[in-house]
Amino acid sequence: MTKIPVTLTHNGAERAAFADPGQNLLDFIRRGLGDLSPKYGCGQGSCGACTVTIDGETRLACLTLAETVEGCDVRTAAGLGQGATLDPLQQAFMDHFAAQCGYCTPGMLVSARALLDRNPNPTREEVVEAISGNLCRCTGYDPIIDAILSLAGRKASA
Amino acid sequence: MTLHRGRGFAAINYPIGMNLGGDPSQALVHSNPDGKFTVALSAIDLGQGMKSVTRQIAAETLGVPIADVYVDTADSDTGPHDMGSFASRGTHRMGNAVIQASLEARAVMLEAAAEELEVDAGDLVTDGQGNIHVRGAPSRTITTMAAAQAAQFRQGRTIAGRGIFLVPLSEVDPETGEMSPVTTFAHAALVVEVEVDAETGEVEVLDIQSAYEVGRALNPGLVEQQLRGGAWMGMSHAAWETTEPYYPDRDHGPVDFDHYAMPGPGDLATHHISVLERPAEDGPYGGKGPGEMCANPVLPAVVNAIYDAVGVRIDDLPVTPEKVLRGIRANGGARPRQAL
């Protein structure tokens, strides 16, 4: 099978790897780039666990063909924070007990970070809208919404 | 569109543990030469906080900083035996086993420290900050790390402890069926307010006011987290979720998340939680744990609230709009009990 070379920016770093024809971006990020932060939940775009941003827009990696991100800026939850220094959003999730089993958390973080970057002062309704594509089975959503809202009014991250 | 509001009440006494040929949990605790402790359990942490709460319990009992305790779970091949994470038994059963194991390990740690300090182990106390000193003489001190290293490299001691908490099998009386399957109960009561659309049959849960008695809340943040998420799941079981909407007919069952209905972040009820702390006599530091009880009472409260709102008594979950409408039709119209 012909391999397709894909060059992209992944969490700020230039990366290149081979994709298989028809390979989805989630599989490419996890196996090709070794970034396990996007999760495989349903594989059909219903749960949001694989949410990433492509050129600043939230996208479902499981429904995106890997070869289509050539030259794009792809960001995942693993790109939040710097080593032990957490993104304020990650800290807010900790402070508000916004994770239990944690499987939805990377997708939630990416959706929330994208919201805060384009709208640093969202209303509760806007937060709800932003995470409405991310299923959570443990928290009842309230702690997640509270965590995101606690950052409303703060300056967006770089 | 005619909207009717109603309130429903439910209370629950929830058993901790099960009568499964005995209900044992084991824990093993040992120190490494750096003075840090590993707690081995076979109970699973699937997000409910098993690791956090047993870590707290071990640190408290050993008398060392919480940062010096690591909890290793979930390898039932190599770990000590445990019945598992179910029956709301985790905090109570494993917590008690961790206390027993930690007490044994602490005694060895103090003996090792006593030998180094040339004092009697019975005169030693821990400060919870990683130091062991003579009671009333804080300058006669040794760190837990130095004690652990002395035990390992000079004294040839293993700072380790074994714990088991066993509730023996309760034989069932063949005449009466009587048995004592559990050792303790947790309790809750709640009031749910709903709004029912008498034309569409749709039910919206508006508000939950709850009071939970869980023994001592060993980690109040985790307790509230469980109660909040559990109530959401209870609301979802009451009015949304099912794999077999026309059971026993298997048709029309959902096959994926697009068709398996659950409340999303825009469908939440406000929830005011009161946690009553009444330490349990046989619980680890008084704890019992919320467990399954955080979801269960929401269901009858929602159903009672629907009855209050439109006079329809539904005993088949989930409460779908179809069931509500059929009930209203059978009654010849909505029969709201009292205006709130």
# chains A, B, ... in the order shown; residues from 1 in each chain; ligands from 1

call {"tool": "residues_around", "arguments": {"residues": "stretch 6-21 of chain A", "least_positions_apart": "4", "cutoff": "9 Å", "atoms": "only C-alpha atoms", "output": "PDB file with C-alpha atoms, in the first residue's frame"}}
result
ATOM      1  CA  MET A   1       0.000   0.000   0.000  1.00  0.00           C
ATOM      2  CA  THR A   2       1.341   3.400  -0.938  1.00  0.00           C
ATOM      3  CA  LEU A  25      -6.259  11.533  11.929  1.00  0.00           C
ATOM      4  CA  PHE A  28      -2.296   8.914  12.781  1.00  0.00           C
ATOM      5  CA  ILE A  29      -1.773  11.089  15.862  1.00  0.00           C
ATOM      6  CA  GLY A  32       2.171   7.854  13.799  1.00  0.00           C
ATOM      7  CA  LEU A  33       3.051  10.724  16.130  1.00  0.00           C
ATOM      8  CA  LEU A  65      -8.499  11.895   6.983  1.00  0.00           C
ATOM      9  CA  ALA A  66      -4.883  12.125   8.072  1.00  0.00           C
ATOM     10  CA  GLU A  67      -3.667  13.193   4.639  1.00  0.00           C
ATOM     11  CA  THR A  68      -5.872  16.301   4.749  1.00  0.00           C
ATOM     12  CA  VAL A  69      -3.833  17.949   7.532  1.00  0.00           C
ATOM     13  CA  GLU A  70      -0.765  18.428   5.323  1.00  0.00           C
ATOM     14  CA  GLY A  71       0.774  21.753   6.333  1.00  0.00           C
ATOM     15  CA  CYS A  72      -1.785  22.332   9.094  1.00  0.00           C
ATOM     16  CA  ASP A  73      -1.359  23.364  12.721  1.00  0.00           C
ATOM     17  CA  VAL A  74      -2.760  20.459  14.765  1.00  0.00           C
ATOM     18  CA  ARG A  75      -3.094  20.764  18.526  1.00  0.00           C
ATOM     19  CA  THR A  76      -4.124  18.206  21.128  1.00  0.00           C
ATOM     20  CA  ALA A  77      -4.520  18.139  24.902  1.00  0.00           C
ATOM     21  CA  ALA A  78      -0.890  17.013  25.163  1.00  0.00           C
ATOM     22  CA  GLY A  79       0.107  20.465  23.877  1.00  0.00           C
ATOM     23  CA  LEU A  80      -1.506  22.242  26.803  1.00  0.00           C
TER      24      LEU A  80
END

call {"tool": "interface_residues", "arguments": {"of": "chain B", "to": "chain A", "cutoff": "7 Å", "atoms": "only C-alpha atoms", "output": "PyMOL selection string"}}
result
chain B and resi 46-48+225+228-229+232+257-258+264-266

call {"tool": "atom_distance", "arguments": {"atom1": "atom CA of B:Met94", "atom2": "atom CA of B:Ala27"}}
result
7.1 Å

call {"tool": "select_by_dssp", "arguments": {"residues": "stretch 141-235 of chain B", "states": "helix (DSSP H, G or I)", "output": "VMD selection string"}}
result
chain B and resid 144 to 155 220 to 235

call {"tool": "closest_residue", "arguments": {"among": "B:Gly311, B:Gly35, B:Gly177, B:Gly291", "to": "B:Met50", "atoms": "only C-alpha atoms"}}
result
B:Gly291

call {"tool": "residues_around", "arguments": {"residues": "stretch 159-168 of chain B", "least_positions_apart": "4", "cutoff": "6 Å", "atoms": "only C-alpha atoms", "output": "JSON, numbers by chain"}}
result
{"B": [22, 23, 24, 25, 26, 27, 28, 29, 30, 31, 96, 97, 100, 101, 102, 104, 105, 108, 109]}

call {"tool": "decode", "arguments": {"residues": "stretch 109-128 of chain A", "atoms": "N, CA and C atoms", "output": "PDB file, in the first residue's frame"}}
result
ATOM      1  N   LEU A 109     -10.860  19.368  27.300  1.00  0.00           N
ATOM      2  CA  LEU A 109      -9.851  20.429  27.424  1.00  0.00           C
ATOM      3  C   LEU A 109      -9.628  21.130  26.089  1.00  0.00           C
ATOM      4  N   VAL A 110      -9.569  20.346  25.014  1.00  0.00           N
ATOM      5  CA  VAL A 110      -9.336  20.954  23.698  1.00  0.00           C
ATOM      6  C   VAL A 110     -10.522  21.830  23.302  1.00  0.00           C
ATOM      7  N   SER A 111     -11.748  21.330  23.511  1.00  0.00           N
ATOM      8  CA  SER A 111     -12.934  22.128  23.173  1.00  0.00           C
ATOM      9  C   SER A 111     -12.977  23.411  23.998  1.00  0.00           C
ATOM     10  N   ALA A 112     -12.661  23.285  25.287  1.00  0.00           N
ATOM     11  CA  ALA A 112     -12.728  24.446  26.178  1.00  0.00           C
ATOM     12  C   ALA A 112     -11.623  25.452  25.865  1.00  0.00           C
ATOM     13  N   ARG A 113     -10.427  24.944  25.581  1.00  0.00           N
ATOM     14  CA  ARG A 113      -9.316  25.849  25.247  1.00  0.00           C
ATOM     15  C   ARG A 113      -9.633  26.630  23.976  1.00  0.00           C
ATOM     16  N   ALA A 114     -10.211  25.948  22.990  1.00  0.00           N
ATOM     17  CA  ALA A 114     -10.566  26.622  21.736  1.00  0.00           C
ATOM     18  C   ALA A 114     -11.616  27.694  21.985  1.00  0.00           C
ATOM     19  N   LEU A 115     -12.573  27.399  22.841  1.00  0.00           N
ATOM     20  CA  LEU A 115     -13.593  28.397  23.180  1.00  0.00           C
ATOM     21  C   LEU A 115     -12.950  29.620  23.821  1.00  0.00           C
ATOM     22  N   LEU A 116     -12.113  29.377  24.842  1.00  0.00           N
ATOM     23  CA  LEU A 116     -11.524  30.505  25.577  1.00  0.00           C
ATOM     24  C   LEU A 116     -10.571  31.312  24.694  1.00  0.00           C
ATOM     25  N   ASP A 117      -9.945  30.653  23.733  1.00  0.00           N
ATOM     26  CA  ASP A 117      -9.039  31.381  22.850  1.00  0.00           C
ATOM     27  C   ASP A 117      -9.793  32.315  21.904  1.00  0.00           C
ATOM     28  N   ARG A 118     -10.982  31.897  21.478  1.00  0.00           N
ATOM     29  CA  ARG A 118     -11.724  32.789  20.573  1.00  0.00           C
ATOM     30  C   ARG A 118     -12.683  33.699  21.331  1.00  0.00           C
ATOM     31  N   ASN A 119     -12.998  33.325  22.575  1.00  0.00           N
ATOM     32  CA  ASN A 119     -13.946  34.094  23.379  1.00  0.00           C
ATOM     33  C   ASN A 119     -13.531  34.000  24.840  1.00  0.00           C
ATOM     34  N   PRO A 120     -12.644  34.897  25.277  1.00  0.00           N
ATOM     35  CA  PRO A 120     -12.082  34.773  26.634  1.00  0.00           C
ATOM     36  C   PRO A 120     -13.103  35.001  27.743  1.00  0.00           C
ATOM     37  N   ASN A 121     -14.269  35.458  27.397  1.00  0.00           N
ATOM     38  CA  ASN A 121     -15.246  35.763  28.440  1.00  0.00           C
ATOM     39  C   ASN A 121     -16.611  35.151  28.109  1.00  0.00           C
ATOM     40  N   PRO A 122     -16.657  33.818  28.037  1.00  0.00           N
ATOM     41  CA  PRO A 122     -17.903  33.191  27.603  1.00  0.00           C
ATOM     42  C   PRO A 122     -18.961  33.188  28.689  1.00  0.00           C
ATOM     43  N   THR A 123     -20.222  33.157  28.265  1.00  0.00           N
ATOM     44  CA  THR A 123     -21.331  32.956  29.197  1.00  0.00           C
ATOM     45  C   THR A 123     -21.480  31.458  29.447  1.00  0.00           C
ATOM     46  N   ARG A 124     -22.308  31.137  30.431  1.00  0.00           N
ATOM     47  CA  ARG A 124     -22.569  29.716  30.700  1.00  0.00           C
ATOM     48  C   ARG A 124     -23.147  29.026  29.461  1.00  0.00           C
ATOM     49  N   GLU A 125     -24.050  29.715  28.760  1.00  0.00           N
ATOM     50  CA  GLU A 125     -24.659  29.126  27.565  1.00  0.00           C
ATOM     51  C   GLU A 125     -23.603  28.852  26.500  1.00  0.00           C
ATOM     52  N   GLU A 126     -22.654  29.762  26.380  1.00  0.00           N
ATOM     53  CA  GLU A 126     -21.603  29.558  25.374  1.00  0.00           C
ATOM     54  C   GLU A 126     -20.674  28.403  25.758  1.00  0.00           C
ATOM     55  N   VAL A 127     -20.453  28.243  27.053  1.00  0.00           N
ATOM     56  CA  VAL A 127     -19.652  27.096  27.499  1.00  0.00           C
ATOM     57  C   VAL A 127     -20.391  25.794  27.191  1.00  0.00           C
ATOM     58  N   VAL A 128     -21.679  25.771  27.510  1.00  0.00           N
ATOM     59  CA  VAL A 128     -22.495  24.577  27.240  1.00  0.00           C
ATOM     60  C   VAL A 128     -22.447  24.242  25.754  1.00  0.00           C
TER      61      VAL A 128
END
